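For reference, input_11.txt (compact mmCIF, C-alpha atoms and all ligand atoms):
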```
# COMPACT_ATOMS: atom_id res chain seq x y z
CA MET A 1 50.88 -14.64 -68.84
CA ASN A 2 54.09 -15.66 -70.61
CA TRP A 3 56.40 -16.35 -67.67
CA ASP A 4 59.43 -17.39 -69.84
CA ALA A 5 59.32 -14.05 -71.72
CA LEU A 6 59.06 -12.14 -68.47
CA ILE A 7 62.01 -13.97 -66.84
CA ARG A 8 64.07 -13.43 -69.94
CA ALA A 9 63.23 -9.71 -70.01
CA LEU A 10 64.24 -9.37 -66.39
CA THR A 11 67.51 -11.20 -66.69
CA VAL A 12 68.62 -9.44 -69.94
CA SER A 13 69.72 -6.38 -68.05
CA PRO A 14 70.50 -5.94 -64.33
CA GLU A 15 68.59 -2.60 -64.35
CA ASN A 16 65.41 -4.45 -65.26
CA THR A 17 66.04 -6.90 -62.42
CA ILE A 18 66.49 -4.07 -59.92
CA VAL A 19 63.36 -2.28 -61.14
CA ALA A 20 61.40 -5.53 -60.87
CA LEU A 21 62.68 -6.19 -57.35
CA VAL A 22 61.83 -2.66 -56.20
CA ALA A 23 58.34 -2.91 -57.71
CA PHE A 24 57.78 -6.29 -56.11
CA SER A 25 58.90 -5.17 -52.66
CA SER A 26 56.78 -2.02 -52.96
CA ILE A 27 53.76 -4.19 -53.68
CA LEU A 28 54.59 -6.26 -50.63
CA VAL A 29 55.00 -3.21 -48.38
CA VAL A 30 51.76 -1.58 -49.60
CA GLY A 31 49.86 -4.88 -49.17
CA TYR A 32 51.26 -5.36 -45.68
CA THR A 33 50.35 -1.81 -44.67
CA ILE A 34 46.77 -2.08 -45.98
CA GLY A 35 46.30 -5.42 -44.23
CA ASN A 36 47.64 -3.94 -41.05
CA ILE A 37 45.25 -0.98 -41.18
CA ILE A 38 42.23 -3.24 -41.76
CA GLY A 39 43.33 -5.53 -38.92
CA ARG A 40 43.82 -2.61 -36.58
CA ASN A 41 40.41 -1.16 -37.41
CA HIS A 42 38.86 -4.51 -36.68
CA GLN A 43 40.66 -4.64 -33.36
CA LYS A 44 39.54 -1.11 -32.54
CA GLU A 45 35.92 -2.12 -33.13
CA LYS A 46 36.38 -5.09 -30.86
CA ILE A 47 37.85 -2.89 -28.11
CA LEU A 48 34.98 -0.41 -28.51
CA ASP A 49 32.43 -3.22 -28.21
CA ALA A 50 34.17 -4.50 -25.09
CA GLN A 51 34.21 -0.99 -23.59
CA ILE A 52 30.47 -0.56 -24.22
CA GLN A 53 29.79 -3.94 -22.66
CA LEU A 54 31.90 -3.04 -19.66
CA ARG A 55 30.08 0.24 -19.21
CA ASN A 56 26.70 -1.52 -19.36
CA THR A 57 27.81 -4.10 -16.82
CA GLU A 58 29.07 -1.30 -14.56
CA LYS A 59 25.68 0.41 -14.83
CA GLU A 60 23.84 -2.81 -13.97
CA LEU A 61 26.18 -3.41 -11.05
CA LYS A 62 25.60 0.12 -9.76
CA SER A 63 21.83 -0.26 -10.01
CA ALA A 64 21.95 -3.67 -8.28
CA ARG A 65 24.13 -2.18 -5.51
CA SER A 66 21.71 0.68 -4.95
CA LYS A 67 18.78 -1.77 -4.81
CA VAL A 68 20.62 -3.84 -2.19
CA GLU A 69 21.42 -0.67 -0.24
CA ARG A 70 17.78 0.43 -0.35
CA VAL A 71 16.60 -2.94 0.90
CA GLU A 72 19.23 -2.86 3.67
CA ILE A 73 18.21 0.64 4.75
CA ALA A 74 14.53 -0.29 4.64
CA LEU A 75 15.12 -3.41 6.70
CA SER A 76 17.28 -1.59 9.26
CA ARG A 77 14.47 0.94 9.70
CA GLY A 78 12.00 -1.80 10.47
CA GLU A 79 11.82 -0.97 14.16
CA GLU A 80 11.18 2.70 13.91
CA GLY A 81 9.31 3.39 10.78
CA ARG A 82 8.43 2.48 7.29
CA GLY A 83 9.98 -0.95 7.34
CA VAL A 84 10.49 -2.84 4.16
CA TRP A 85 8.00 -0.72 2.30
CA ASP A 86 10.40 2.23 2.22
CA LEU A 87 7.81 4.64 0.96
CA GLU A 88 10.17 7.59 0.99
CA HIS A 89 10.89 7.56 -2.71
CA LEU A 90 7.45 6.47 -3.76
CA ARG A 91 6.37 8.24 -6.92
CA THR A 92 2.67 8.91 -7.29
CA PRO A 93 0.93 8.04 -10.51
CA SER A 94 -0.34 11.03 -12.50
CA TRP A 95 -4.05 10.34 -11.87
CA TYR A 96 -3.68 9.99 -8.09
CA HIS A 97 -4.36 13.56 -6.97
CA ARG A 98 -7.38 13.91 -9.24
CA ARG A 99 -8.94 10.70 -7.99
CA LEU A 100 -11.28 12.26 -5.43
CA ASN A 101 -13.31 13.97 -8.16
CA ASN A 102 -14.32 10.50 -9.21
CA SER A 103 -14.52 8.70 -5.86
CA PRO A 104 -17.43 8.46 -3.43
CA ALA A 105 -17.42 11.43 -1.05
CA HIS A 106 -16.24 9.39 1.92
CA ILE A 107 -13.75 6.59 2.05
CA LEU A 108 -13.37 5.88 5.74
CA ALA A 109 -10.64 3.55 6.99
CA VAL A 110 -10.80 1.92 10.41
CA ALA A 111 -7.19 1.19 11.27
CA ASN A 112 -4.61 0.67 13.99
CA LEU A 113 -1.40 -1.36 14.11
CA LYS A 114 -2.66 -2.96 17.31
CA GLY A 115 -4.73 -6.10 16.91
CA GLY A 116 -7.98 -6.91 18.67
CA VAL A 117 -9.02 -3.33 19.43
CA GLY A 118 -12.44 -3.50 17.79
CA LYS A 119 -11.65 -2.26 14.26
CA THR A 120 -13.75 -4.90 12.55
CA THR A 121 -16.60 -4.57 15.05
CA LEU A 122 -16.81 -0.81 14.45
CA ALA A 123 -16.48 -1.16 10.67
CA ALA A 124 -19.37 -3.67 10.53
CA ASN A 125 -21.64 -1.57 12.75
CA LEU A 126 -20.82 1.60 10.80
CA GLY A 127 -21.72 -0.24 7.60
CA VAL A 128 -25.10 -1.29 8.94
CA PHE A 129 -25.78 2.16 10.41
CA PHE A 130 -25.17 4.01 7.14
CA ALA A 131 -26.89 1.42 4.92
CA ARG A 132 -29.90 0.34 6.97
CA ASP A 133 -30.52 3.32 9.26
CA ARG A 134 -29.51 6.12 6.89
CA GLY A 135 -30.35 4.59 3.52
CA LYS A 136 -26.88 5.26 2.16
CA ARG A 137 -25.24 3.09 -0.47
CA VAL A 138 -22.38 1.47 1.41
CA LEU A 139 -19.41 -0.54 0.23
CA LEU A 140 -17.60 -2.45 2.97
CA VAL A 141 -14.08 -3.53 2.08
CA ASP A 142 -12.33 -6.25 4.08
CA LEU A 143 -8.60 -5.58 3.92
CA ASP A 144 -7.57 -8.33 6.32
CA TYR A 145 -6.80 -11.74 4.90
CA GLN A 146 -8.18 -13.27 8.08
CA GLY A 147 -11.58 -12.26 6.73
CA SER A 148 -13.02 -11.27 10.13
CA LEU A 149 -15.27 -8.60 8.61
CA THR A 150 -16.36 -11.03 5.92
CA GLY A 151 -17.30 -13.58 8.59
CA LEU A 152 -19.02 -11.03 10.82
CA VAL A 153 -21.09 -9.65 7.98
CA ALA A 154 -22.02 -13.16 6.80
CA LEU A 155 -23.19 -13.90 10.31
CA GLY A 156 -25.15 -10.65 10.53
CA ALA A 157 -26.83 -11.31 7.18
CA ASP A 158 -27.54 -14.90 8.19
CA LEU A 159 -25.70 -16.38 5.20
CA ASP A 160 -25.02 -20.11 5.08
CA ALA A 161 -21.42 -19.58 3.93
CA ASP A 162 -18.91 -16.73 3.80
CA PRO A 163 -19.05 -14.75 0.55
CA GLU A 164 -16.38 -15.59 -2.02
CA PRO A 165 -13.23 -13.51 -1.36
CA GLU A 166 -12.42 -11.09 -4.16
CA VAL A 167 -10.51 -8.17 -2.61
CA HIS A 168 -7.15 -9.70 -3.61
CA ARG A 169 -8.07 -9.06 -7.25
CA VAL A 170 -8.35 -5.34 -6.51
CA ILE A 171 -5.18 -5.21 -4.41
CA GLY A 172 -3.37 -7.18 -7.11
CA GLY A 173 -4.40 -4.61 -9.72
CA GLY A 174 -6.25 -7.19 -11.79
CA ALA A 175 -9.62 -5.51 -11.25
CA ALA A 176 -8.82 -1.94 -12.13
CA SER A 177 -12.22 -0.98 -13.42
CA GLY A 178 -15.33 -0.40 -11.38
CA ASN A 179 -17.15 -2.27 -14.16
CA GLU A 180 -16.52 -5.48 -12.33
CA LEU A 181 -18.00 -4.08 -9.16
CA HIS A 182 -21.14 -6.16 -9.18
CA LEU A 183 -19.22 -9.31 -9.90
CA LEU A 184 -16.74 -8.73 -7.12
CA THR A 185 -19.01 -7.51 -4.36
CA HIS A 186 -21.89 -9.18 -2.58
CA SER A 187 -25.14 -7.40 -1.87
CA LEU A 188 -26.53 -8.09 1.59
CA GLN A 189 -30.20 -7.23 1.78
CA PRO A 190 -30.68 -8.03 5.50
CA LEU A 191 -28.01 -5.39 6.22
CA GLY A 192 -29.68 -2.54 4.37
CA GLY A 193 -28.35 -3.68 0.99
CA LEU A 194 -24.74 -2.85 1.82
CA ARG A 195 -22.22 -4.48 -0.48
CA LEU A 196 -19.15 -6.35 0.70
CA LEU A 197 -15.80 -6.79 -1.00
CA ALA A 198 -14.79 -9.93 0.88
CA ALA A 199 -11.32 -11.12 1.93
CA GLY A 200 -9.76 -14.53 2.44
CA TYR A 201 -6.37 -16.21 2.40
CA GLU A 202 -5.95 -15.41 -1.29
CA LEU A 203 -5.15 -11.90 -0.05
CA THR A 204 -2.07 -12.99 1.89
CA VAL A 205 -0.73 -14.75 -1.22
CA GLU A 206 -1.08 -11.49 -3.16
CA GLU A 207 0.45 -9.47 -0.30
CA ASP A 208 3.46 -11.80 -0.10
CA ARG A 209 3.94 -11.57 -3.85
CA GLN A 210 3.97 -7.78 -3.66
CA LEU A 211 6.30 -7.75 -0.67
CA ILE A 212 8.84 -9.91 -2.48
CA ALA A 213 8.53 -7.90 -5.70
CA ASN A 214 9.02 -4.77 -3.62
CA LEU A 215 12.10 -6.14 -1.88
CA LEU A 216 13.65 -7.06 -5.18
CA ALA A 217 12.53 -3.72 -6.61
CA ALA A 218 11.34 -5.82 -9.49
CA GLU A 219 8.33 -3.70 -10.27
CA GLU A 220 7.03 -0.17 -9.90
CA ARG A 221 5.50 0.29 -6.50
CA PHE A 222 2.33 1.73 -7.89
CA SER A 223 0.68 -1.40 -6.53
CA VAL A 224 -0.04 0.48 -3.28
CA PHE A 225 -2.47 2.64 -5.27
CA ASN A 226 -4.51 -0.22 -6.73
CA LEU A 227 -7.44 0.26 -4.33
CA ALA A 228 -7.46 4.05 -4.84
CA ARG A 229 -7.53 3.45 -8.58
CA TYR A 230 -10.34 0.93 -8.25
CA LEU A 231 -12.42 3.24 -6.06
CA SER A 232 -11.95 6.20 -8.40
CA ALA A 233 -13.64 4.42 -11.29
CA PRO A 234 -16.86 6.35 -12.12
CA GLU A 235 -18.97 3.24 -11.49
CA VAL A 236 -18.01 3.29 -7.81
CA LYS A 237 -19.13 6.90 -7.36
CA GLU A 238 -22.36 6.17 -9.23
CA ASN A 239 -23.16 3.23 -6.95
CA PHE A 240 -21.91 4.26 -3.50
CA ASP A 241 -22.10 7.13 -1.04
CA ILE A 242 -19.62 5.80 1.44
CA VAL A 243 -16.88 3.19 1.48
CA ILE A 244 -15.73 1.72 4.78
CA LEU A 245 -12.38 -0.03 4.91
CA ASP A 246 -11.51 -2.52 7.65
CA ALA A 247 -7.71 -2.62 7.89
CA SER A 248 -5.51 -5.39 9.23
CA PRO A 249 -3.33 -4.70 12.28
CA ARG A 250 -0.18 -4.41 10.14
CA LEU A 251 1.11 -2.16 7.40
CA SER A 252 0.33 -4.92 4.97
CA ALA A 253 -0.07 -4.27 1.25
CA ALA A 254 -3.85 -4.14 1.68
CA THR A 255 -3.67 -1.75 4.66
CA LEU A 256 -1.32 0.55 2.74
CA ASN A 257 -3.75 0.45 -0.16
CA GLY A 258 -6.49 1.43 2.29
CA LEU A 259 -4.51 4.32 3.75
CA PHE A 260 -3.62 5.67 0.31
CA ALA A 261 -7.26 5.39 -0.78
CA CYS A 262 -9.03 6.84 2.27
CA THR A 263 -10.32 10.37 2.80
CA SER A 264 -10.49 9.91 6.58
CA TYR A 265 -9.73 7.31 9.20
CA ILE A 266 -10.65 6.27 12.70
CA ILE A 267 -8.19 4.73 15.13
CA PRO A 268 -9.95 2.42 17.58
CA VAL A 269 -8.01 1.83 20.76
CA ARG A 270 -8.56 -0.18 23.88
CA PRO A 271 -7.18 2.03 26.65
CA SER A 272 -4.00 0.49 28.09
CA PRO A 273 -0.32 1.44 28.08
CA VAL A 274 0.45 -0.84 25.13
CA SER A 275 -2.52 0.39 23.12
CA ASN A 276 -1.63 4.00 23.78
CA ARG A 277 1.78 3.43 22.28
CA SER A 278 0.19 1.73 19.30
CA VAL A 279 -1.88 4.85 18.56
CA ALA A 280 1.22 7.05 18.58
CA TYR A 281 3.21 4.64 16.42
CA PHE A 282 0.40 4.20 13.96
CA GLU A 283 -0.16 7.93 13.67
CA LYS A 284 3.58 8.46 13.21
CA GLN A 285 3.52 6.15 10.21
CA VAL A 286 0.58 8.01 8.76
CA VAL A 287 2.09 11.45 9.37
CA GLU A 288 5.48 10.49 7.95
CA ALA A 289 4.73 8.05 5.20
CA ILE A 290 1.11 8.34 4.14
CA ARG A 291 0.08 11.98 4.51
CA PRO A 292 2.86 13.47 2.37
CA ILE A 293 1.24 11.52 -0.47
CA ASN A 294 -2.40 11.20 0.59
CA ARG A 295 -2.98 14.74 1.84
CA ASP A 296 -6.71 14.01 2.11
CA ALA A 297 -6.31 11.42 4.84
CA LYS A 298 -7.83 13.07 7.88
CA LEU A 299 -7.88 11.60 11.36
CA LEU A 300 -11.57 11.69 12.23
CA GLY A 301 -10.81 10.62 15.76
CA VAL A 302 -9.55 8.03 18.17
CA ALA A 303 -12.37 5.71 19.26
CA LEU A 304 -12.13 4.25 22.73
CA THR A 305 -13.28 0.65 22.65
CA MET A 306 -13.74 -2.13 25.18
CA THR A 307 -13.49 0.40 27.96
CA VAL A 308 -13.77 -1.07 31.41
CA ARG A 309 -15.89 1.38 33.28
CA GLU A 310 -17.81 3.62 30.96
CA GLY A 311 -17.57 7.24 31.97
CA ALA A 312 -16.39 6.59 35.50
CA GLU A 313 -14.28 9.52 36.59
CA GLY A 314 -10.96 8.53 38.10
CA SER A 315 -11.16 5.11 36.54
CA ARG A 316 -8.21 3.22 35.09
CA ASP A 317 -9.33 4.19 31.61
CA LYS A 318 -9.26 7.89 32.38
CA THR A 319 -5.50 7.76 32.98
CA PHE A 320 -4.95 6.25 29.55
CA VAL A 321 -7.28 8.70 27.86
CA ASP A 322 -5.33 11.62 29.36
CA GLU A 323 -2.14 9.94 28.24
CA ILE A 324 -3.31 9.60 24.67
CA ARG A 325 -4.13 13.29 24.50
CA GLN A 326 -0.70 14.22 25.83
CA ASN A 327 1.12 11.85 23.51
CA PHE A 328 -0.54 13.36 20.54
CA ALA A 329 0.02 16.90 21.68
CA GLY A 330 3.70 15.95 21.57
CA ARG A 331 4.35 16.84 25.18
CA THR A 332 5.89 13.53 26.13
CA GLY A 333 9.45 12.94 25.02
CA GLU A 334 8.96 9.59 23.40
CA TYR A 335 6.14 10.87 21.25
CA GLY A 336 7.78 14.18 20.46
CA MET A 337 7.70 12.93 16.90
CA LEU A 338 4.09 13.99 16.70
CA ALA A 339 4.66 17.42 18.20
CA GLY A 340 3.04 20.01 16.01
CA ALA A 341 0.81 17.52 14.25
CA TYR A 342 -1.95 17.94 16.85
CA PRO A 343 -1.20 21.03 18.93
CA ASP A 344 -4.70 20.95 20.45
CA GLY A 345 -4.50 17.29 21.33
CA VAL A 346 -5.95 14.31 19.60
CA PRO A 347 -9.56 14.31 18.41
CA LEU A 348 -11.40 11.75 20.55
CA PHE A 349 -14.93 10.46 20.06
CA ASP A 350 -17.16 11.26 23.02
CA THR A 351 -18.96 7.92 22.88
CA ARG A 352 -16.91 5.15 24.39
CA ILE A 353 -17.66 1.57 23.44
CA PRO A 354 -17.61 -0.49 26.63
CA ASN A 355 -16.54 -4.07 26.92
CA LEU A 356 -19.89 -5.84 26.63
CA ALA A 357 -20.57 -9.42 25.60
CA GLU A 358 -23.52 -8.16 23.53
CA ILE A 359 -21.16 -6.06 21.39
CA GLY A 360 -18.58 -8.82 20.98
CA ARG A 361 -21.09 -11.41 19.86
CA GLY A 362 -21.86 -10.16 16.36
CA ILE A 363 -23.03 -6.95 14.72
CA ALA A 364 -24.72 -5.35 17.73
CA LEU A 365 -26.78 -3.00 15.56
CA VAL A 366 -28.36 -6.12 14.11
CA GLY A 367 -28.63 -8.62 16.93
CA GLY A 368 -27.59 -6.78 20.09
CA ASP A 369 -29.67 -5.67 23.07
CA GLN A 370 -31.06 -2.14 23.41
CA ASN A 371 -28.11 -0.87 25.44
CA SER A 372 -25.47 -1.93 22.90
CA LYS A 373 -27.63 -0.64 20.03
CA THR A 374 -27.97 2.77 21.72
CA LEU A 375 -24.23 3.01 22.35
CA LEU A 376 -23.24 2.04 18.83
CA THR A 377 -25.85 4.30 17.26
CA SER A 378 -24.52 7.19 19.28
CA PHE A 379 -20.96 6.42 18.12
CA CYS A 380 -22.05 6.12 14.48
CA GLN A 381 -23.94 9.43 14.71
CA GLU A 382 -20.75 11.10 15.89
CA VAL A 383 -18.91 9.65 12.90
CA GLU A 384 -21.70 10.88 10.62
CA ALA A 385 -21.52 14.41 12.04
CA LYS A 386 -17.74 14.52 11.67
CA LEU A 387 -17.95 13.32 8.09
CA GLU A 388 -20.54 15.96 7.28
CA ASN A 389 -18.32 18.67 8.73
CA GLN A 390 -15.29 17.51 6.86
N1 LIG A 401 -17.00 -3.54 22.79
C1 LIG A 401 -16.72 -4.84 22.83
N2 LIG A 401 -17.06 -5.59 23.89
C2 LIG A 401 -16.75 -6.88 23.95
N3 LIG A 401 -16.11 -7.55 22.99
C3 LIG A 401 -15.75 -6.87 21.90
C4 LIG A 401 -16.03 -5.48 21.76
N4 LIG A 401 -15.55 -5.07 20.56
C5 LIG A 401 -15.01 -6.15 19.99
N5 LIG A 401 -15.11 -7.22 20.77
C6 LIG A 401 -14.59 -8.57 20.51
O1 LIG A 401 -13.18 -8.48 20.59
C7 LIG A 401 -12.56 -9.25 19.58
C8 LIG A 401 -11.71 -8.35 18.69
O2 LIG A 401 -12.55 -7.43 18.05
P1 LIG A 401 -12.35 -7.06 16.53
O3 LIG A 401 -12.21 -8.27 15.71
O4 LIG A 401 -13.40 -6.09 16.17
O5 LIG A 401 -10.95 -6.33 16.66
P2 LIG A 401 -9.92 -5.96 15.49
O6 LIG A 401 -9.20 -4.77 15.94
O7 LIG A 401 -10.61 -5.90 14.22
O8 LIG A 401 -8.97 -7.23 15.52
P3 LIG A 401 -7.83 -7.59 14.44
O9 LIG A 401 -6.70 -6.69 14.76
O10 LIG A 401 -7.52 -9.03 14.69
O11 LIG A 401 -8.39 -7.32 13.10
C9 LIG A 401 -13.66 -9.92 18.81
O12 LIG A 401 -13.87 -11.21 19.34
C10 LIG A 401 -14.87 -9.05 19.09
O13 LIG A 401 -16.07 -9.79 19.03
MG MG A 402 -10.15 -6.92 12.38
```
Let me see the file written as structure tokens.
Ligand SMILES: Nc1ncnc2c1ncn2[C@@H]1O[C@H](COP(=O)(O)OP(=O)(O)OP(=O)(O)O)[C@@H](O)[C@H]1O
Ligand SMILES: [Mg+2]
Amino acid sequence: MNWDALIRALTVSPENTIVALVAFSSILVVGYTIGNIIGRNHQKEKILDAQIQLRNTEKELKSARSKVERVEIALSRGEEGRGVWDLEHLRTPSWYHRRLNNSPAHILAVANLKGGVGKTTLAANLGVFFARDRGKRVLLVDLDYQGSLTGLVALGADLDADPEPEVHRVIGGGAASGNELHLLTHSLQPLGGLRLLAAGYELTVEEDRQLIANLLAAEERFSVFNLARYLSAPEVKENFDIVILDASPRLSAATLNGLFACTSYIIPVRPSPVSNRSVAYFEKQVVEAIRPINRDAKLLGVALTMTVREGAEGSRDKTFVDEIRQNFAGRTGEYGMLAGAYPDGVPLFDTRIPNLAEIGRGIALVGGDQNSKTLLTSFCQEVEAKLENQ
């Protein structure tokens, strides 16, 4: 551009100068305005981004608060109910209610929140009865990390060492298919060929992991259905007629798995005031937390174990037996919670299992004397009859 010519043209007449100045300032104003609009748009975008971020953070905060609240509520309920498991809002997986079409006909849990009442002893004898004496295909599942059933069965089958624990793989969800059944279970020929899914301390590691994950709400709580899922694999139905679950005396992850998987359950109890309460509390948990989801879970009966004087009228035990019936019928204030659940009173097994050294020593149906064998056979026959009538 020829700048000299331009300056000369502008300075020749004042009109030209004015026109030039106006044009120049207009250019400046238009430029400024455009710049301003672009800048403002940019700012608007930034504000929008910040608002979205804020909204997301608010959402996360809200969800974190509700998780904390849920954990607090669950913990505060510890005394009276579901405890940290807070099963109230548990969603059931879509396959859950169809599972029984694919499961063995009977999945029988032996359970009570009270320890040392003979759960494991009854589970082991029931296993031997159905496998050896009835020729059924039995799967025994040890759901207690202490591995008492595993040890008792190893003793009964005269094994040199306890079978390798594997149940934690099922409870952990890592063994979802029945395909692995023969790898995970141990066949025990001396006990009528029953198979055992053994437990050991690996189970408590898995249970603790699930408890912590549950507290932090870090994962879906479908983990309580892992055993039900495992048992509903077609291979389990093809290989077994009955599954017997030996629960731990706590609502541990494995016990919950057992209660959500079972079709029926037995509550063994050693008659005493403390034990009587334990039956009511256990049943309350089942009625409130388990049965709304596992509608199949049927109380087969309360089994009286380690009774002091078998059948003696007016004995100490009789008082507790009467008490249990009343508690369940909901007539006593404290157990009013169960009113309506058993209007005719609790189903009790007729055969009582007395406190006998012969029964406590091992699996009485294998190594016990004639008296203990007769008693346990009679108990197992009652279980069989109830299962058949189910
Ligand atoms: N009828 C009985 N007579 C004598 N002793 C028994 C009888 N039943 C079980 N026992 C013994 O009582 C103890 C507890 O029994 P068992 O292990 O079957 O109870 P449990 O309810 O499974 O216990 P836990 O709650 O610890 O799992 C064991 O030493 C067992 O041998
Ligand atoms: Mg036990």
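Distances from A:Leu100, A:Leu108, A:Leu194, A:Ala357 to A:Leu231 were compared using only C-alpha atoms, and the smallest one belongs to A:Leu100.
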Could you build a table of the residues in chain A lying no more than 9 Å from ligand LIG 401 (chain A), giving for each the nearest pair of atoms and their separation in Å rounded to one decimal place, using only C-alpha atoms and all ligand atoms, ordered by chain and ascending residue number, as CSV?
```
residue,atom,partner,partner_atom,distance
A:Val110,CA,A:LIG401,O7,8.7
A:Ala111,CA,A:LIG401,O6,7.8
A:Asn112,CA,A:LIG401,O6,7.4
A:Leu113,CA,A:LIG401,O9,7.5
A:Lys114,CA,A:LIG401,O9,6.1
A:Gly115,CA,A:LIG401,O9,3.0
A:Gly116,CA,A:LIG401,O8,3.3
A:Val117,CA,A:LIG401,O6,3.8
A:Gly118,CA,A:LIG401,O4,3.2
A:Lys119,CA,A:LIG401,O7,3.8
A:Thr120,CA,A:LIG401,O7,3.7
A:Thr121,CA,A:LIG401,O4,3.7
A:Leu122,CA,A:LIG401,O4,6.5
A:Ala123,CA,A:LIG401,O4,8.0
A:Ala124,CA,A:LIG401,O4,8.6
A:Asp144,CA,A:LIG401,O11,6.9
A:Gln146,CA,A:LIG401,O11,7.8
A:Gly147,CA,A:LIG401,O11,8.7
A:Ser148,CA,A:LIG401,O3,6.4
A:Leu149,CA,A:LIG401,O3,7.7
A:Leu152,CA,A:LIG401,O13,8.8
A:Asp246,CA,A:LIG401,O7,7.4
A:Ala247,CA,A:LIG401,O11,7.0
A:Ser248,CA,A:LIG401,O11,5.2
A:Pro249,CA,A:LIG401,O9,4.6
A:Arg250,CA,A:LIG401,O9,8.3
A:Pro268,CA,A:LIG401,O6,7.4
A:Val269,CA,A:LIG401,O6,8.3
A:Thr305,CA,A:LIG401,N1,5.6
A:Met306,CA,A:LIG401,N1,4.3
A:Thr307,CA,A:LIG401,N1,7.4
A:Arg352,CA,A:LIG401,N1,8.8
A:Ile353,CA,A:LIG401,N1,5.2
A:Pro354,CA,A:LIG401,N1,4.9
A:Asn355,CA,A:LIG401,N2,3.4
A:Leu356,CA,A:LIG401,N2,3.9
A:Ala357,CA,A:LIG401,C2,4.9
A:Glu358,CA,A:LIG401,C2,6.9
A:Ile359,CA,A:LIG401,C1,4.8
A:Gly360,CA,A:LIG401,O13,3.3
A:Arg361,CA,A:LIG401,O13,5.3
A:Gly362,CA,A:LIG401,O13,6.4
A:Ile363,CA,A:LIG401,O13,8.7
A:Ser372,CA,A:LIG401,N1,8.6
```
Legend entry - Top pick for closest residue to ligand MG 402 (chain A), considering A:Ile212, A:Ile324, A:Val346, A:Leu245 and counting all atoms listed in the file: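 Of the candidates, the smallest distance to ligand MG 402 (chain A) is held by A:Leu245.
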Legend entry - Proximity to ligand MG 402 (chain A) - best of A:Leu48, A:Leu159, A:Leu143, A:Leu61, all atoms listed in the file: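 With all atoms listed in the file as the atom set, the closest residue is A:Leu143.
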Inset, instruction - Identify which of the residues A:Asn257, A:Thr17, A:Ser232, A:Thr377 lies closest to A:Arg134, counting only C-alpha atoms when measuring atom-to-atom distances. - result: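 Among the listed residues, A:Thr377 lies closest to A:Arg134.
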Legend entry - Non-local contacts of A:Cys262 (12 Å; all atoms listed in the file; under 5 positions in same chain excluded) as a ChimeraX atom specification: /A:99-100,103-111,141,225,227-229,231-232,242-247,255-257,286,290-291,293-300
Once you have the residues from the selection above, write them out as a compact mmCIF listing (two decimals), keeping the file's coordinate frame, restricted to C-alpha atoms.
```txt
# COMPACT_ATOMS: atom_id res chain seq x y z
CA ARG A 99 -8.94 10.70 -7.99
CA LEU A 100 -11.28 12.26 -5.43
CA SER A 103 -14.52 8.70 -5.86
CA PRO A 104 -17.43 8.46 -3.43
CA ALA A 105 -17.42 11.43 -1.05
CA HIS A 106 -16.24 9.39 1.92
CA ILE A 107 -13.75 6.59 2.05
CA LEU A 108 -13.37 5.88 5.74
CA ALA A 109 -10.64 3.55 6.99
CA VAL A 110 -10.80 1.92 10.41
CA ALA A 111 -7.19 1.19 11.27
CA VAL A 141 -14.08 -3.53 2.08
CA PHE A 225 -2.47 2.64 -5.27
CA LEU A 227 -7.44 0.26 -4.33
CA ALA A 228 -7.46 4.05 -4.84
CA ARG A 229 -7.53 3.45 -8.58
CA LEU A 231 -12.42 3.24 -6.06
CA SER A 232 -11.95 6.20 -8.40
CA ILE A 242 -19.62 5.80 1.44
CA VAL A 243 -16.88 3.19 1.48
CA ILE A 244 -15.73 1.72 4.78
CA LEU A 245 -12.38 -0.03 4.91
CA ASP A 246 -11.51 -2.52 7.65
CA ALA A 247 -7.71 -2.62 7.89
CA THR A 255 -3.67 -1.75 4.66
CA LEU A 256 -1.32 0.55 2.74
CA ASN A 257 -3.75 0.45 -0.16
CA VAL A 286 0.58 8.01 8.76
CA ILE A 290 1.11 8.34 4.14
CA ARG A 291 0.08 11.98 4.51
CA ILE A 293 1.24 11.52 -0.47
CA ASN A 294 -2.40 11.20 0.59
CA ARG A 295 -2.98 14.74 1.84
CA ASP A 296 -6.71 14.01 2.11
CA ALA A 297 -6.31 11.42 4.84
CA LYS A 298 -7.83 13.07 7.88
CA LEU A 299 -7.88 11.60 11.36
CA LEU A 300 -11.57 11.69 12.23
```
